[in-house]
Amino acid sequence: MSECTHNCSTCGQNCSSRTEPQSLLEKPHELSNIKKVIGVVSGKGGVGKSLVTTLLAVTMQRRGFKTAILDADITGPSIPKAFGIKEKAQGTENGIIPCKTKTGIEIMSVNLLLENDTDPVVWRGPVIAGAVKQFWTDVIWDDVDFMFVDMPPGTGDVPLTVFQSLPVDGIVIVASPQELVGMIVEKAAKMAGLMNIPVLAFAENMAYFECPDCGKKHKVFGESHIEEIAKEYSVDTVAQIPINNKLAAAVDAGAVELFDGDWLDGVADKLLGLL
């Protein structure tokens, strides 16, 4: 028998000190009930990740499901503004009560805890990651069918924390048409592969502009490569969201729940298969 070095890769199966890998999953609040957790990620900022998060939550809510958004973008929270939420989250002796939108979508974001919306969050990575975990463990989420986690861009502390600490059922990767973004999209897809998280769909924002006069679609940011990337990763669901001034105005006005568009219906159909 080989001598135990406390490195399980070097010892035999019968080593008495050998242990199984420990799960890092955190338990949600004991009063929470969450069925499916969907991460919305991007390899870089400014591609519309928060927009896709809000549109997916609204789309699934319109289909009769109870949805929620955990805003994990601690230093750049934008979810409350998109829904026009002005009030703050309330705490009780049992836990934190998330805010609700006009149609009943539950929201938890750091901006719902700050005194002023414009106050910066100047925290180091471990503190930010800890706050995200608390949004999962300390918030009382009430009978949620689909929780969407709006993650910060990149493949750093917070995405890693979410993938390891929350039971993520799959992710939607958001991109824009540029070649550089296509390369960065692959980084996000490969990170998901390393964490054994399935990629459910790709959503390409600012894919085109449709002329209101002639109806012609203009590819302002160049040709799309999202279909090629999706095929490479065996993802069969791709959505394209146009540059749409009415949609942008609705988000700015805090009225995203009034948006009119079927761009993410295919992604919504994909999510139904998880139930």
# chains A, B, ... in the order shown; residues from 1 in each chain; ligands from 1
$ closest_atom_pairs --of "range 14-127 of chain A" --to "range 186-207 of chain A" --cutoff "8 Å" --atoms "only C-alpha atoms" --output "CSV"
residue,atom,partner,partner_atom,distance
A:Val41,CA,A:Ala188,CA,7.4
A:Ser42,CA,A:Ala188,CA,6.5
A:Gly43,CA,A:Ala188,CA,5.4
A:Val47,CA,A:Asn205,CA,6.4
A:Gly48,CA,A:Asn205,CA,6.2
A:Val52,CA,A:Ala203,CA,7.6
$ residues_around --residues "Val238 in chain A" --least-positions-apart "4" --cutoff "12 Å" --atoms "only C-alpha atoms" --output "ChimeraX atom specification"
/A:172-175,199-205,207,224-231,233-234,263-270
$ residues_around --residues "Thr161 in chain A" --least-positions-apart "5" --cutoff "9 Å" --atoms "only C-alpha atoms" --output "list of chain:residue names"
A:Ala129, A:Gly130, A:Val132, A:Lys133, A:Gly156, A:Leu166
$ atom_distance --atom1 "CA of Pro153 in chain A" --atom2 "CA of Gly64 in chain A"
29.8 Å
$ closest_residue --among "A:Asp157, A:Glu106, A:Asp73, A:Glu223" --to "Gln178 in chain A" --atoms "only C-alpha atoms"
A:Glu223
$ select_by_dssp --residues "range 89-179 of chain A" --states "strand (DSSP E)" --output "list in words"
Gln90, Gly91, Ile96, Ile97, Cys99, Lys100, Glu106, Ile107, Met108, Val144, Asp145, Phe146, Met147, Phe148, Val149, Asp150, Gly170, Ile171, Val172, Ile173, Val174 and Ala175 of chain A
$ residues_around --residues "Val144 in chain A" --least-positions-apart "4" --cutoff "7 Å" --atoms "only C-alpha atoms" --output "JSON, numbers by chain"
{"A": [33, 34, 35, 66, 67, 68]}
$ write_last_selection --atoms "N, CA, C and O atoms" --output "PDB file, in the first residue's frame"
ATOM      1  N   ASN A  33     -38.219  28.880  -2.080  1.00  0.00           N
ATOM      2  CA  ASN A  33     -38.573  27.764  -2.951  1.00  0.00           C
ATOM      3  C   ASN A  33     -38.237  28.168  -4.382  1.00  0.00           C
ATOM      4  O   ASN A  33     -38.952  28.958  -4.984  1.00  0.00           O
ATOM      5  N   ILE A  34     -37.131  27.647  -4.897  1.00  0.00           N
ATOM      6  CA  ILE A  34     -36.629  28.033  -6.220  1.00  0.00           C
ATOM      7  C   ILE A  34     -36.450  26.772  -7.055  1.00  0.00           C
ATOM      8  O   ILE A  34     -35.703  25.870  -6.673  1.00  0.00           O
ATOM      9  N   LYS A  35     -37.120  26.727  -8.201  1.00  0.00           N
ATOM     10  CA  LYS A  35     -37.068  25.514  -9.015  1.00  0.00           C
ATOM     11  C   LYS A  35     -35.872  25.489  -9.966  1.00  0.00           C
ATOM     12  O   LYS A  35     -35.119  24.518 -10.005  1.00  0.00           O
ATOM     13  N   LYS A  66     -43.674  32.089 -12.289  1.00  0.00           N
ATOM     14  CA  LYS A  66     -43.184  33.054 -11.309  1.00  0.00           C
ATOM     15  C   LYS A  66     -41.681  33.202 -11.514  1.00  0.00           C
ATOM     16  O   LYS A  66     -40.936  32.226 -11.460  1.00  0.00           O
ATOM     17  N   THR A  67     -41.227  34.428 -11.760  1.00  0.00           N
ATOM     18  CA  THR A  67     -39.812  34.639 -12.042  1.00  0.00           C
ATOM     19  C   THR A  67     -39.185  35.588 -11.033  1.00  0.00           C
ATOM     20  O   THR A  67     -39.866  36.321 -10.320  1.00  0.00           O
ATOM     21  N   ALA A  68     -37.866  35.548 -10.990  1.00  0.00           N
ATOM     22  CA  ALA A  68     -37.111  36.406 -10.080  1.00  0.00           C
ATOM     23  C   ALA A  68     -35.766  36.725 -10.717  1.00  0.00           C
ATOM     24  O   ALA A  68     -35.281  35.994 -11.595  1.00  0.00           O
TER      25      ALA A  68
END
$ residues_around --residues "Ile96 in chain A" --least-positions-apart "4" --cutoff "12 Å" --atoms "only C-alpha atoms" --output "PDB file with all heavy atoms, in the first residue's frame"
ATOM      1  N   HIS A  29     -32.241  30.161   1.512  1.00  0.00           N
ATOM      2  CA  HIS A  29     -32.969  30.411   2.745  1.00  0.00           C
ATOM      3  C   HIS A  29     -34.016  29.319   2.954  1.00  0.00           C
ATOM      4  O   HIS A  29     -34.631  28.830   1.999  1.00  0.00           O
ATOM      5  CB  HIS A  29     -33.643  31.784   2.682  1.00  0.00           C
ATOM      6  CG  HIS A  29     -34.168  32.260   3.992  1.00  0.00           C
ATOM      7  ND1 HIS A  29     -35.323  31.771   4.551  1.00  0.00           N
ATOM      8  CD2 HIS A  29     -33.682  33.195   4.870  1.00  0.00           C
ATOM      9  CE1 HIS A  29     -35.549  32.368   5.707  1.00  0.00           C
ATOM     10  NE2 HIS A  29     -34.574  33.239   5.930  1.00  0.00           N
ATOM     11  N   LEU A  31     -36.901  29.348   3.920  1.00  0.00           N
ATOM     12  CA  LEU A  31     -38.254  29.699   3.493  1.00  0.00           C
ATOM     13  C   LEU A  31     -38.359  29.915   1.986  1.00  0.00           C
ATOM     14  O   LEU A  31     -39.435  30.220   1.474  1.00  0.00           O
ATOM     15  CB  LEU A  31     -38.734  30.957   4.225  1.00  0.00           C
ATOM     16  CG  LEU A  31     -38.850  30.849   5.752  1.00  0.00           C
ATOM     17  CD1 LEU A  31     -39.290  32.172   6.346  1.00  0.00           C
ATOM     18  CD2 LEU A  31     -39.818  29.731   6.144  1.00  0.00           C
ATOM     19  N   SER A  32     -37.233  29.775   1.275  1.00  0.00           N
ATOM     20  CA  SER A  32     -37.232  29.967  -0.178  1.00  0.00           C
ATOM     21  C   SER A  32     -37.665  28.698  -0.894  1.00  0.00           C
ATOM     22  O   SER A  32     -37.488  27.581  -0.392  1.00  0.00           O
ATOM     23  CB  SER A  32     -35.834  30.363  -0.665  1.00  0.00           C
ATOM     24  OG  SER A  32     -35.473  31.640  -0.201  1.00  0.00           O
ATOM     25  N   LYS A  88     -36.855  50.337  -1.268  1.00  0.00           N
ATOM     26  CA  LYS A  88     -35.711  49.542  -0.835  1.00  0.00           C
ATOM     27  C   LYS A  88     -36.179  48.183  -0.322  1.00  0.00           C
ATOM     28  O   LYS A  88     -37.319  48.025   0.140  1.00  0.00           O
ATOM     29  CB  LYS A  88     -34.940  50.271   0.279  1.00  0.00           C
ATOM     30  CG  LYS A  88     -34.423  51.640  -0.140  1.00  0.00           C
ATOM     31  CD  LYS A  88     -33.459  51.557  -1.315  1.00  0.00           C
ATOM     32  CE  LYS A  88     -32.965  52.931  -1.745  1.00  0.00           C
ATOM     33  NZ  LYS A  88     -32.065  52.858  -2.932  1.00  0.00           N
ATOM     34  N   ALA A  89     -35.285  47.208  -0.392  1.00  0.00           N
ATOM     35  CA  ALA A  89     -35.589  45.892   0.161  1.00  0.00           C
ATOM     36  C   ALA A  89     -35.690  45.999   1.678  1.00  0.00           C
ATOM     37  O   ALA A  89     -34.976  46.789   2.307  1.00  0.00           O
ATOM     38  CB  ALA A  89     -34.498  44.897  -0.232  1.00  0.00           C
ATOM     39  N   GLN A  90     -36.581  45.202   2.252  1.00  0.00           N
ATOM     40  CA  GLN A  90     -36.811  45.256   3.690  1.00  0.00           C
ATOM     41  C   GLN A  90     -36.283  43.999   4.371  1.00  0.00           C
ATOM     42  O   GLN A  90     -36.346  42.902   3.816  1.00  0.00           O
ATOM     43  CB  GLN A  90     -38.312  45.393   3.977  1.00  0.00           C
ATOM     44  CG  GLN A  90     -38.950  46.633   3.370  1.00  0.00           C
ATOM     45  CD  GLN A  90     -38.368  47.918   3.929  1.00  0.00           C
ATOM     46  OE1 GLN A  90     -38.210  48.060   5.143  1.00  0.00           O
ATOM     47  NE2 GLN A  90     -38.044  48.861   3.046  1.00  0.00           N
ATOM     48  N   GLY A  91     -35.769  44.185   5.585  1.00  0.00           N
ATOM     49  CA  GLY A  91     -35.285  43.062   6.365  1.00  0.00           C
ATOM     50  C   GLY A  91     -36.227  42.745   7.503  1.00  0.00           C
ATOM     51  O   GLY A  91     -36.835  43.643   8.088  1.00  0.00           O
ATOM     52  N   THR A  92     -36.385  41.463   7.794  1.00  0.00           N
ATOM     53  CA  THR A  92     -37.170  41.016   8.938  1.00  0.00           C
ATOM     54  C   THR A  92     -36.296  40.115   9.787  1.00  0.00           C
ATOM     55  O   THR A  92     -35.135  39.834   9.447  1.00  0.00           O
ATOM     56  CB  THR A  92     -38.421  40.242   8.483  1.00  0.00           C
ATOM     57  OG1 THR A  92     -38.010  38.976   7.928  1.00  0.00           O
ATOM     58  CG2 THR A  92     -39.192  41.021   7.412  1.00  0.00           C
ATOM     59  N   GLU A 106     -39.799  39.109  -8.624  1.00  0.00           N
ATOM     60  CA  GLU A 106     -39.027  39.412  -7.432  1.00  0.00           C
ATOM     61  C   GLU A 106     -37.610  39.842  -7.831  1.00  0.00           C
ATOM     62  O   GLU A 106     -36.984  39.216  -8.702  1.00  0.00           O
ATOM     63  CB  GLU A 106     -38.961  38.205  -6.498  1.00  0.00           C
ATOM     64  CG  GLU A 106     -40.317  37.845  -5.903  1.00  0.00           C
ATOM     65  CD  GLU A 106     -40.231  36.768  -4.837  1.00  0.00           C
ATOM     66  OE1 GLU A 106     -39.132  36.214  -4.631  1.00  0.00           O
ATOM     67  OE2 GLU A 106     -41.261  36.472  -4.208  1.00  0.00           O
ATOM     68  N   ILE A 107     -37.111  40.894  -7.183  1.00  0.00           N
ATOM     69  CA  ILE A 107     -35.814  41.468  -7.533  1.00  0.00           C
ATOM     70  C   ILE A 107     -34.973  41.643  -6.271  1.00  0.00           C
ATOM     71  O   ILE A 107     -35.456  42.124  -5.243  1.00  0.00           O
ATOM     72  CB  ILE A 107     -35.969  42.865  -8.191  1.00  0.00           C
ATOM     73  CG1 ILE A 107     -36.909  42.804  -9.394  1.00  0.00           C
ATOM     74  CG2 ILE A 107     -34.597  43.418  -8.571  1.00  0.00           C
ATOM     75  CD1 ILE A 107     -36.344  42.111 -10.597  1.00  0.00           C
ATOM     76  N   MET A 108     -33.704  41.247  -6.354  1.00  0.00           N
ATOM     77  CA  MET A 108     -32.748  41.575  -5.294  1.00  0.00           C
ATOM     78  C   MET A 108     -31.485  42.113  -5.941  1.00  0.00           C
ATOM     79  O   MET A 108     -30.896  41.476  -6.807  1.00  0.00           O
ATOM     80  CB  MET A 108     -32.418  40.349  -4.447  1.00  0.00           C
ATOM     81  CG  MET A 108     -31.606  40.690  -3.213  1.00  0.00           C
ATOM     82  SD  MET A 108     -32.537  41.768  -2.096  1.00  0.00           S
ATOM     83  CE  MET A 108     -31.293  42.948  -1.645  1.00  0.00           C
ATOM     84  N   SER A 109     -31.106  43.323  -5.529  1.00  0.00           N
ATOM     85  CA  SER A 109     -29.941  44.014  -6.091  1.00  0.00           C
ATOM     86  C   SER A 109     -29.322  44.865  -4.999  1.00  0.00           C
ATOM     87  O   SER A 109     -30.012  45.309  -4.072  1.00  0.00           O
ATOM     88  CB  SER A 109     -30.374  44.899  -7.273  1.00  0.00           C
ATOM     89  OG  SER A 109     -29.330  45.737  -7.706  1.00  0.00           O
ATOM     90  N   LEU A 112     -30.886  48.114  -4.073  1.00  0.00           N
ATOM     91  CA  LEU A 112     -32.068  48.103  -3.225  1.00  0.00           C
ATOM     92  C   LEU A 112     -31.698  48.175  -1.747  1.00  0.00           C
ATOM     93  O   LEU A 112     -32.587  48.207  -0.886  1.00  0.00           O
ATOM     94  CB  LEU A 112     -32.903  46.845  -3.490  1.00  0.00           C
ATOM     95  CG  LEU A 112     -33.379  46.654  -4.938  1.00  0.00           C
ATOM     96  CD1 LEU A 112     -34.156  45.356  -5.070  1.00  0.00           C
ATOM     97  CD2 LEU A 112     -34.221  47.840  -5.390  1.00  0.00           C
ATOM     98  N   LEU A 113     -30.414  48.214  -1.470  1.00  0.00           N
ATOM     99  CA  LEU A 113     -29.925  48.301  -0.100  1.00  0.00           C
ATOM    100  C   LEU A 113     -29.167  49.601   0.167  1.00  0.00           C
ATOM    101  O   LEU A 113     -29.009  50.003   1.311  1.00  0.00           O
ATOM    102  CB  LEU A 113     -28.988  47.119   0.211  1.00  0.00           C
ATOM    103  CG  LEU A 113     -29.595  45.720   0.064  1.00  0.00           C
ATOM    104  CD1 LEU A 113     -28.504  44.662   0.265  1.00  0.00           C
ATOM    105  CD2 LEU A 113     -30.726  45.507   1.060  1.00  0.00           C
ATOM    106  N   GLN A 134     -24.975  35.906  -0.163  1.00  0.00           N
ATOM    107  CA  GLN A 134     -26.017  36.306   0.780  1.00  0.00           C
ATOM    108  C   GLN A 134     -27.345  36.576   0.085  1.00  0.00           C
ATOM    109  O   GLN A 134     -28.407  36.351   0.669  1.00  0.00           O
ATOM    110  CB  GLN A 134     -25.578  37.536   1.566  1.00  0.00           C
ATOM    111  CG  GLN A 134     -24.555  37.231   2.661  1.00  0.00           C
ATOM    112  CD  GLN A 134     -24.274  38.448   3.525  1.00  0.00           C
ATOM    113  OE1 GLN A 134     -23.612  39.384   3.094  1.00  0.00           O
ATOM    114  NE2 GLN A 134     -24.787  38.424   4.735  1.00  0.00           N
ATOM    115  N   PHE A 135     -27.289  37.058  -1.143  1.00  0.00           N
ATOM    116  CA  PHE A 135     -28.524  37.250  -1.907  1.00  0.00           C
ATOM    117  C   PHE A 135     -29.230  35.907  -2.124  1.00  0.00           C
ATOM    118  O   PHE A 135     -30.445  35.868  -2.327  1.00  0.00           O
ATOM    119  CB  PHE A 135     -28.240  37.898  -3.255  1.00  0.00           C
ATOM    120  CG  PHE A 135     -27.917  39.374  -3.175  1.00  0.00           C
ATOM    121  CD1 PHE A 135     -27.510  40.067  -4.300  1.00  0.00           C
ATOM    122  CD2 PHE A 135     -28.025  40.062  -1.983  1.00  0.00           C
ATOM    123  CE1 PHE A 135     -27.225  41.424  -4.235  1.00  0.00           C
ATOM    124  CE2 PHE A 135     -27.741  41.415  -1.900  1.00  0.00           C
ATOM    125  CZ  PHE A 135     -27.337  42.099  -3.028  1.00  0.00           C
ATOM    126  N   TRP A 136     -28.483  34.835  -2.099  1.00  0.00           N
ATOM    127  CA  TRP A 136     -29.037  33.484  -2.260  1.00  0.00           C
ATOM    128  C   TRP A 136     -29.466  32.891  -0.912  1.00  0.00           C
ATOM    129  O   TRP A 136     -30.547  32.325  -0.796  1.00  0.00           O
ATOM    130  CB  TRP A 136     -28.006  32.587  -2.927  1.00  0.00           C
ATOM    131  CG  TRP A 136     -28.362  31.140  -3.021  1.00  0.00           C
ATOM    132  CD1 TRP A 136     -27.873  30.108  -2.269  1.00  0.00           C
ATOM    133  CD2 TRP A 136     -29.290  30.537  -3.939  1.00  0.00           C
ATOM    134  NE1 TRP A 136     -28.427  28.916  -2.644  1.00  0.00           N
ATOM    135  CE2 TRP A 136     -29.294  29.153  -3.669  1.00  0.00           C
ATOM    136  CE3 TRP A 136     -30.107  31.042  -4.949  1.00  0.00           C
ATOM    137  CZ2 TRP A 136     -30.099  28.258  -4.381  1.00  0.00           C
ATOM    138  CZ3 TRP A 136     -30.907  30.153  -5.650  1.00  0.00           C
ATOM    139  CH2 TRP A 136     -30.901  28.775  -5.366  1.00  0.00           C
ATOM    140  N   THR A 137     -28.637  33.065   0.108  1.00  0.00           N
ATOM    141  CA  THR A 137     -28.883  32.395   1.389  1.00  0.00           C
ATOM    142  C   THR A 137     -29.773  33.183   2.344  1.00  0.00           C
ATOM    143  O   THR A 137     -30.466  32.598   3.173  1.00  0.00           O
ATOM    144  CB  THR A 137     -27.551  32.100   2.099  1.00  0.00           C
ATOM    145  OG1 THR A 137     -26.852  33.344   2.341  1.00  0.00           O
ATOM    146  CG2 THR A 137     -26.666  31.197   1.253  1.00  0.00           C
ATOM    147  N   ASP A 138     -29.750  34.515   2.257  1.00  0.00           N
ATOM    148  CA  ASP A 138     -30.449  35.343   3.245  1.00  0.00           C
ATOM    149  C   ASP A 138     -31.743  35.958   2.733  1.00  0.00           C
ATOM    150  O   ASP A 138     -32.517  36.500   3.525  1.00  0.00           O
ATOM    151  CB  ASP A 138     -29.534  36.478   3.734  1.00  0.00           C
ATOM    152  CG  ASP A 138     -28.315  35.960   4.482  1.00  0.00           C
ATOM    153  OD1 ASP A 138     -28.181  34.726   4.632  1.00  0.00           O
ATOM    154  OD2 ASP A 138     -27.484  36.787   4.908  1.00  0.00           O
ATOM    155  N   VAL A 139     -31.976  35.912   1.443  1.00  0.00           N
ATOM    156  CA  VAL A 139     -33.193  36.485   0.859  1.00  0.00           C
ATOM    157  C   VAL A 139     -34.265  35.399   0.797  1.00  0.00           C
ATOM    158  O   VAL A 139     -33.998  34.247   0.444  1.00  0.00           O
ATOM    159  CB  VAL A 139     -32.924  37.052  -0.543  1.00  0.00           C
ATOM    160  CG1 VAL A 139     -34.218  37.517  -1.200  1.00  0.00           C
ATOM    161  CG2 VAL A 139     -31.924  38.202  -0.462  1.00  0.00           C
ATOM    162  N   ILE A 140     -35.484  35.771   1.143  1.00  0.00           N
ATOM    163  CA  ILE A 140     -36.607  34.832   1.103  1.00  0.00           C
ATOM    164  C   ILE A 140     -37.273  34.935  -0.266  1.00  0.00           C
ATOM    165  O   ILE A 140     -38.016  35.880  -0.552  1.00  0.00           O
ATOM    166  CB  ILE A 140     -37.619  35.144   2.222  1.00  0.00           C
ATOM    167  CG1 ILE A 140     -36.929  35.077   3.595  1.00  0.00           C
ATOM    168  CG2 ILE A 140     -38.784  34.165   2.167  1.00  0.00           C
ATOM    169  CD1 ILE A 140     -37.813  35.509   4.743  1.00  0.00           C
ATOM    170  N   TRP A 141     -36.975  33.972  -1.128  1.00  0.00           N
ATOM    171  CA  TRP A 141     -37.541  33.928  -2.476  1.00  0.00           C
ATOM    172  C   TRP A 141     -38.791  33.061  -2.441  1.00  0.00           C
ATOM    173  O   TRP A 141     -38.744  31.894  -2.064  1.00  0.00           O
ATOM    174  CB  TRP A 141     -36.525  33.348  -3.459  1.00  0.00           C
ATOM    175  CG  TRP A 141     -35.244  34.119  -3.541  1.00  0.00           C
ATOM    176  CD1 TRP A 141     -34.069  33.840  -2.895  1.00  0.00           C
ATOM    177  CD2 TRP A 141     -34.998  35.297  -4.316  1.00  0.00           C
ATOM    178  NE1 TRP A 141     -33.111  34.762  -3.222  1.00  0.00           N
ATOM    179  CE2 TRP A 141     -33.648  35.673  -4.098  1.00  0.00           C
ATOM    180  CE3 TRP A 141     -35.783  36.070  -5.170  1.00  0.00           C
ATOM    181  CZ2 TRP A 141     -33.075  36.784  -4.701  1.00  0.00           C
ATOM    182  CZ3 TRP A 141     -35.216  37.182  -5.780  1.00  0.00           C
ATOM    183  CH2 TRP A 141     -33.884  37.528  -5.546  1.00  0.00           C
ATOM    184  N   ASP A 142     -39.913  33.605  -2.859  1.00  0.00           N
ATOM    185  CA  ASP A 142     -41.209  32.964  -2.665  1.00  0.00           C
ATOM    186  C   ASP A 142     -41.695  32.233  -3.913  1.00  0.00           C
ATOM    187  O   ASP A 142     -42.144  32.854  -4.875  1.00  0.00           O
ATOM    188  CB  ASP A 142     -42.237  34.034  -2.251  1.00  0.00           C
ATOM    189  CG  ASP A 142     -43.607  33.433  -1.974  1.00  0.00           C
ATOM    190  OD1 ASP A 142     -43.666  32.247  -1.603  1.00  0.00           O
ATOM    191  OD2 ASP A 142     -44.604  34.161  -2.131  1.00  0.00           O
TER     192      ASP A 142
END
$ closest_residue --among "A:Thr155, A:Asp262, A:Ile74, A:Asp236" --to "Val127 in chain A" --atoms "only C-alpha atoms"
A:Ile74
$ residues_around --residues "Thr54 in chain A" --least-positions-apart "6" --cutoff "8 Å" --atoms "only C-alpha atoms" --output "PyMOL selection string"
chain A and resi 69+79+82+256
$ closest_residue --among "A:Thr101, A:Ile171, A:Pro77, A:Leu275" --to "Val121 in chain A" --atoms "only C-alpha atoms"
A:Pro77
$ decode --residues "range 149-164 of chain A" --atoms "N, CA, C and O atoms" --output "compact mmCIF listing (two decimals), in the first residue's frame"
# COMPACT_ATOMS: atom_id res chain seq x y z
N VAL A 149 -30.01 34.96 -12.93
CA VAL A 149 -28.89 35.60 -12.24
C VAL A 149 -28.14 36.46 -13.24
O VAL A 149 -27.51 35.95 -14.17
N ASP A 150 -28.24 37.77 -13.05
CA ASP A 150 -27.55 38.73 -13.92
C ASP A 150 -26.12 38.89 -13.41
O ASP A 150 -25.88 39.50 -12.38
N MET A 151 -25.17 38.32 -14.14
CA MET A 151 -23.79 38.29 -13.67
C MET A 151 -22.96 39.43 -14.26
O MET A 151 -23.27 39.93 -15.34
N PRO A 152 -21.91 39.83 -13.55
CA PRO A 152 -21.01 40.83 -14.12
C PRO A 152 -20.23 40.21 -15.28
O PRO A 152 -20.15 38.98 -15.39
N PRO A 153 -19.67 41.03 -16.15
CA PRO A 153 -18.94 40.47 -17.30
C PRO A 153 -17.65 39.78 -16.88
O PRO A 153 -17.10 40.05 -15.81
N GLY A 154 -17.19 38.89 -17.74
CA GLY A 154 -15.90 38.24 -17.50
C GLY A 154 -16.03 36.88 -16.85
O GLY A 154 -17.12 36.32 -16.71
N THR A 155 -14.88 36.35 -16.45
CA THR A 155 -14.81 35.00 -15.88
C THR A 155 -14.09 35.03 -14.53
O THR A 155 -13.30 34.14 -14.22
N GLY A 156 -14.38 36.06 -13.74
CA GLY A 156 -13.67 36.26 -12.48
C GLY A 156 -14.40 35.74 -11.26
O GLY A 156 -15.12 34.74 -11.30
N ASP A 157 -14.23 36.45 -10.15
CA ASP A 157 -14.71 36.01 -8.84
C ASP A 157 -16.19 35.70 -8.79
O ASP A 157 -16.61 34.64 -8.32
N VAL A 158 -17.02 36.64 -9.26
CA VAL A 158 -18.47 36.47 -9.10
C VAL A 158 -19.02 35.34 -9.95
O VAL A 158 -19.77 34.49 -9.44
N PRO A 159 -18.71 35.25 -11.26
CA PRO A 159 -19.19 34.09 -12.01
C PRO A 159 -18.74 32.76 -11.40
O PRO A 159 -19.52 31.81 -11.33
N LEU A 160 -17.49 32.72 -10.93
CA LEU A 160 -17.01 31.50 -10.30
C LEU A 160 -17.81 31.19 -9.03
O LEU A 160 -18.19 30.04 -8.78
N THR A 161 -18.08 32.22 -8.23
CA THR A 161 -18.86 32.04 -7.01
C THR A 161 -20.27 31.53 -7.33
O THR A 161 -20.77 30.60 -6.68
N VAL A 162 -20.90 32.13 -8.34
CA VAL A 162 -22.26 31.71 -8.71
C VAL A 162 -22.26 30.26 -9.19
O VAL A 162 -23.09 29.45 -8.78
N PHE A 163 -21.32 29.91 -10.06
CA PHE A 163 -21.27 28.55 -10.60
C PHE A 163 -21.02 27.52 -9.51
O PHE A 163 -21.53 26.39 -9.58
N GLN A 164 -20.23 27.88 -8.50
CA GLN A 164 -19.89 26.93 -7.45
C GLN A 164 -20.91 26.91 -6.31
O GLN A 164 -21.10 25.87 -5.68
